[in-house]
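Have a look at the structure below, then the notes.
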Amino acid sequence: MQERSHLRGVLEILTLLVCLASSIAAMAQAPVNYNDVGVIVNLTDTGAIRVANYFMKKRNIPSQNLIRFKGTTSEIIDSLTFEKIRKQIEDTITGHKIQDKLNYLVLTQGCPLKITRSDTCNQVSAPLLNKVRCASFDSELSLILGSLKACIGKGDYYTNITTYTKNKHPYYMVKDHYIRKKYNMYLVTRIAAYTQADCYALIDRSGANTYVDRSKVKFVIDNTAGVYDYNLSLAMGSASRMLTKRGWTVKYDSTATFLRSETNVIGYIGWGYTDPNGKTYKGMTANTWNKAAIGVSYYSYNGSSFVNQTSARSTLPNVIKEGVSGWYGTVYEP
């Protein structure tokens with residue numbers, strides 16, 4: 001299993017989970033508990049400790065689910081550093097005897113973001129992609145303490161390099177409620193932003209039973225059809241039709257226009273910085289986001305940094321600052 005591909009699948013699932021957890025279509029729901037959520041914090045980052053404590057208090061997460069480690073706050077680490085941090089995390093989980101109680105792991109700012117393994121991390125050539133072992137920190141942690149742990153640090157994206165038959169993780173396209181013991185991996189996401197204030201705001205505007213008035217919100221799907229990836233363009237059109245059929249308001253555009261400054265957005269799909277017209281705005285939509293809003297930008301590096309505020313690539317922290325509650329992010333070429 002190739003971790004960067006694995007990341008893409010995991011984050012697509014997490015986007016769905018954010019949607020479900022945010023109760024987008026529901027007037028009222030049964031109480032939701034977070035007893036199966038583990039929160040990982042780097043003790044070297046005092047700000048991250050405060051964010052972790054704030055999140056756990058807001059979601060009433062048991063104290064034993066706080067998983068501490070001490071290590072670098074650098075966004076990029078090597079395999080040796082990862083293994084040292086991994087051991088601390090695994091030892092805490094097993095020491096608290098919560099290995100099979102947790103389904104989800106939530107990282108906080110201060111956790112490393114990506115792992116480089118002396119490969120060309122942004123390789124895009126299909127025949128060479130199978131050899132690339134760079135990965136996100138999040139996706140590697142999803143495989144710990146289970147039958148898939150042997151996949152950590154490997155680049156087995158293709159089962160058959162001749163036919164380009166791709167491996168898939170066990171929960172790919174599955175609609176059942178997630179149970180870690182069944183699928184042998186954790187679902188991993190993170191609370192991260194440029195500032196602590198942004199992290200607190202992200203926590204406050206999301207979570208279970210966040211009510212959304214269907215009549216006042218809309219989905220925005222900005223599709224420059226067929227220009228970049230034909231299959232993704234088709235999927236965007238399908239998503240628009242499906243949402244419309246389910247009674248949602250959808251603004252769908254397949255022209256070269258880069259949609260901006262939309263209001264009351266609850267969901268978004270676009271090409272971001274990949275769109276030639278989007279580059280003018282560094283991929284930023286300047287939308288007004290509703291609570292519980294989720295989105296995806298089909299740009300390979302939108303989650304490449306939560307520290308470098310001048311990078312045109314890293315658009316994810318900026319949409320968090322704008323007000324989105326969940327976003328698909330990649331750190332290397334997926």
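Labels used: A, B, ... for chains in the order of the structure tokens, numbers from 1 for residues in each chain, and numbers from 1 for ligands as shown.
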
For this session: Could you please write out, as a list in words, every residue of range 16-156 of chain A that DSSP assigns to strand (DSSP E)?
Result: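 Of range 16-156 of chain A, only Val37, Gly38, Val39, Ile40, Val41, Asn42, Leu66, Ile67, Arg68, Phe69, Ile76, Ile77, Tyr104, Leu105, Val106, Leu107, Thr108, Lys114, Ile115, Ala135 and Ser136 of chain A fall in strand (DSSP E).
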
For this session: Mind listing the alpha helix (DSSP H) residues of range 91-230 of chain A, per DSSP on the backbone, as a ChimeraX atom specification?
Result: /A:91-95,126-129,137-141,180-183,196-204,230

Exercise. How many Å separate CA of Gly326 in chain A from CA of Asn167 in chain A?
Worked result: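 One can read the CA of Gly326 in chain A to CA of Asn167 in chain A distance as 25.9 Å.
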
Exercise. Which residue out of A:Asp222, A:Glu140, A:Glu83, A:Glu333 has the minimum interatomic distance to Tyr252 in chain A when only C-alpha atoms are used?
Worked result: A:Asp222

Give me, as JSON lines, the closest atom pair and its distance (Å, one decimal) for every residue of range 304-330 of chain A within a cut-off of 8 Å of range 185-208 of chain A, counting only C-alpha atoms, rows sorted by chain and rising number.
{"residue": "A:Phe306", "atom": "CA", "partner": "A:Tyr194", "partner_atom": "CA", "distance": 5.8}
{"residue": "A:Val307", "atom": "CA", "partner": "A:Tyr194", "partner_atom": "CA", "distance": 6.3}
{"residue": "A:Gln309", "atom": "CA", "partner": "A:Tyr194", "partner_atom": "CA", "distance": 7.7}
{"residue": "A:Pro317", "atom": "CA", "partner": "A:Ala193", "partner_atom": "CA", "distance": 5.1}
{"residue": "A:Ile320", "atom": "CA", "partner": "A:Ala193", "partner_atom": "CA", "distance": 6.7}
{"residue": "A:Lys321", "atom": "CA", "partner": "A:Asp198", "partner_atom": "CA", "distance": 6.0}
{"residue": "A:Gly323", "atom": "CA", "partner": "A:Leu202", "partner_atom": "CA", "distance": 7.3}
{"residue": "A:Val324", "atom": "CA", "partner": "A:Leu202", "partner_atom": "CA", "distance": 7.6}
{"residue": "A:Ser325", "atom": "CA", "partner": "A:Leu202", "partner_atom": "CA", "distance": 5.8}

Keeping only N, CA, C and O atoms, write the selected residues to a file as a PDB file, in the first residue's frame.
ATOM      1  N   PHE A 306       1.828  24.334   7.211  1.00  0.00           N
ATOM      2  CA  PHE A 306       0.989  25.143   8.088  1.00  0.00           C
ATOM      3  C   PHE A 306       1.842  26.211   8.786  1.00  0.00           C
ATOM      4  O   PHE A 306       1.387  26.844   9.734  1.00  0.00           O
ATOM      5  N   VAL A 307       3.050  26.387   8.294  1.00  0.00           N
ATOM      6  CA  VAL A 307       3.980  27.336   8.893  1.00  0.00           C
ATOM      7  C   VAL A 307       4.338  28.440   7.910  1.00  0.00           C
ATOM      8  O   VAL A 307       4.347  29.621   8.256  1.00  0.00           O
ATOM      9  N   GLN A 309       3.638  30.980   5.577  1.00  0.00           N
ATOM     10  CA  GLN A 309       2.475  31.754   5.175  1.00  0.00           C
ATOM     11  C   GLN A 309       2.668  32.473   3.846  1.00  0.00           C
ATOM     12  O   GLN A 309       1.726  33.083   3.325  1.00  0.00           O
ATOM     13  N   PRO A 317      -4.288  26.198   5.044  1.00  0.00           N
ATOM     14  CA  PRO A 317      -4.430  27.041   6.241  1.00  0.00           C
ATOM     15  C   PRO A 317      -5.229  28.313   5.976  1.00  0.00           C
ATOM     16  O   PRO A 317      -5.889  28.835   6.879  1.00  0.00           O
ATOM     17  N   ILE A 320      -8.946  27.577   6.091  1.00  0.00           N
ATOM     18  CA  ILE A 320      -9.315  27.418   7.503  1.00  0.00           C
ATOM     19  C   ILE A 320      -9.516  28.791   8.136  1.00  0.00           C
ATOM     20  O   ILE A 320     -10.482  29.025   8.871  1.00  0.00           O
ATOM     21  N   LYS A 321      -8.623  29.717   7.811  1.00  0.00           N
ATOM     22  CA  LYS A 321      -8.758  31.079   8.324  1.00  0.00           C
ATOM     23  C   LYS A 321     -10.039  31.722   7.792  1.00  0.00           C
ATOM     24  O   LYS A 321     -10.719  32.479   8.499  1.00  0.00           O
ATOM     25  N   GLY A 323     -12.805  30.166   7.184  1.00  0.00           N
ATOM     26  CA  GLY A 323     -13.945  29.663   7.932  1.00  0.00           C
ATOM     27  C   GLY A 323     -14.417  28.272   7.588  1.00  0.00           C
ATOM     28  O   GLY A 323     -15.470  27.838   8.063  1.00  0.00           O
ATOM     29  N   VAL A 324     -13.663  27.513   6.776  1.00  0.00           N
ATOM     30  CA  VAL A 324     -14.071  26.150   6.458  1.00  0.00           C
ATOM     31  C   VAL A 324     -13.827  25.250   7.668  1.00  0.00           C
ATOM     32  O   VAL A 324     -12.975  25.537   8.515  1.00  0.00           O
ATOM     33  N   SER A 325     -14.581  24.147   7.767  1.00  0.00           N
ATOM     34  CA  SER A 325     -14.458  23.250   8.923  1.00  0.00           C
ATOM     35  C   SER A 325     -13.772  21.926   8.599  1.00  0.00           C
ATOM     36  O   SER A 325     -13.302  21.242   9.502  1.00  0.00           O
TER      37      SER A 325
END

Exercise. Could you pull the residues within 8 Å of range 254-256 of chain A, counting only C-alpha atoms, minus those fewer than 4 positions along the same chain, as a list in words?
Worked result: Asp222, Asn223, Thr224, Ala225 and Asn277 of chain A

Problem set entry | Shell of 12 Å around Val331 in chain A, only C-alpha atoms, local chain residues under 3 positions omitted, as a VMD selection string | chain A and resid 3 to 5 7 to 8 11 75 to 76 112 to 116 121 to 122 134 to 139 299 to 306 313 to 316 328 334

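Restricting the calculation to only C-alpha atoms, the smallest distance between Ser261 in chain A and any of A:Thr285, A:Thr244, A:Thr108, A:Asn231 is found for A:Thr285.
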
Exercise. Leaving out Ser215 in chain A and any residue of its chain fewer than 4 positions from it, which residues lie within 12 Å of it when counting only C-alpha atoms, given as number ranges by chain?
Worked result: A: 24-25, 219, 247-250, 264-266

For this session: Compile the contact shell of Val37 in chain A as a ChimeraX atom specification: residues with an atom at most 9 Å away, counting only C-alpha atoms, same-chain residues fewer than 2 positions apart removed.
Result: /A:34-35,39,61-62,65,101-106

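For the residues A:Arg86, A:Arg180, A:Lys291, A:Lys168, ranking by smallest atom-to-atom distance to Lys218 in chain A using only C-alpha atoms places A:Lys291 first.
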
For this session: Record the distance separating CA of Ile77 in chain A and CA of Asp91 in chain A, expressed in Å with one decimal.
Result: 20.1 Å
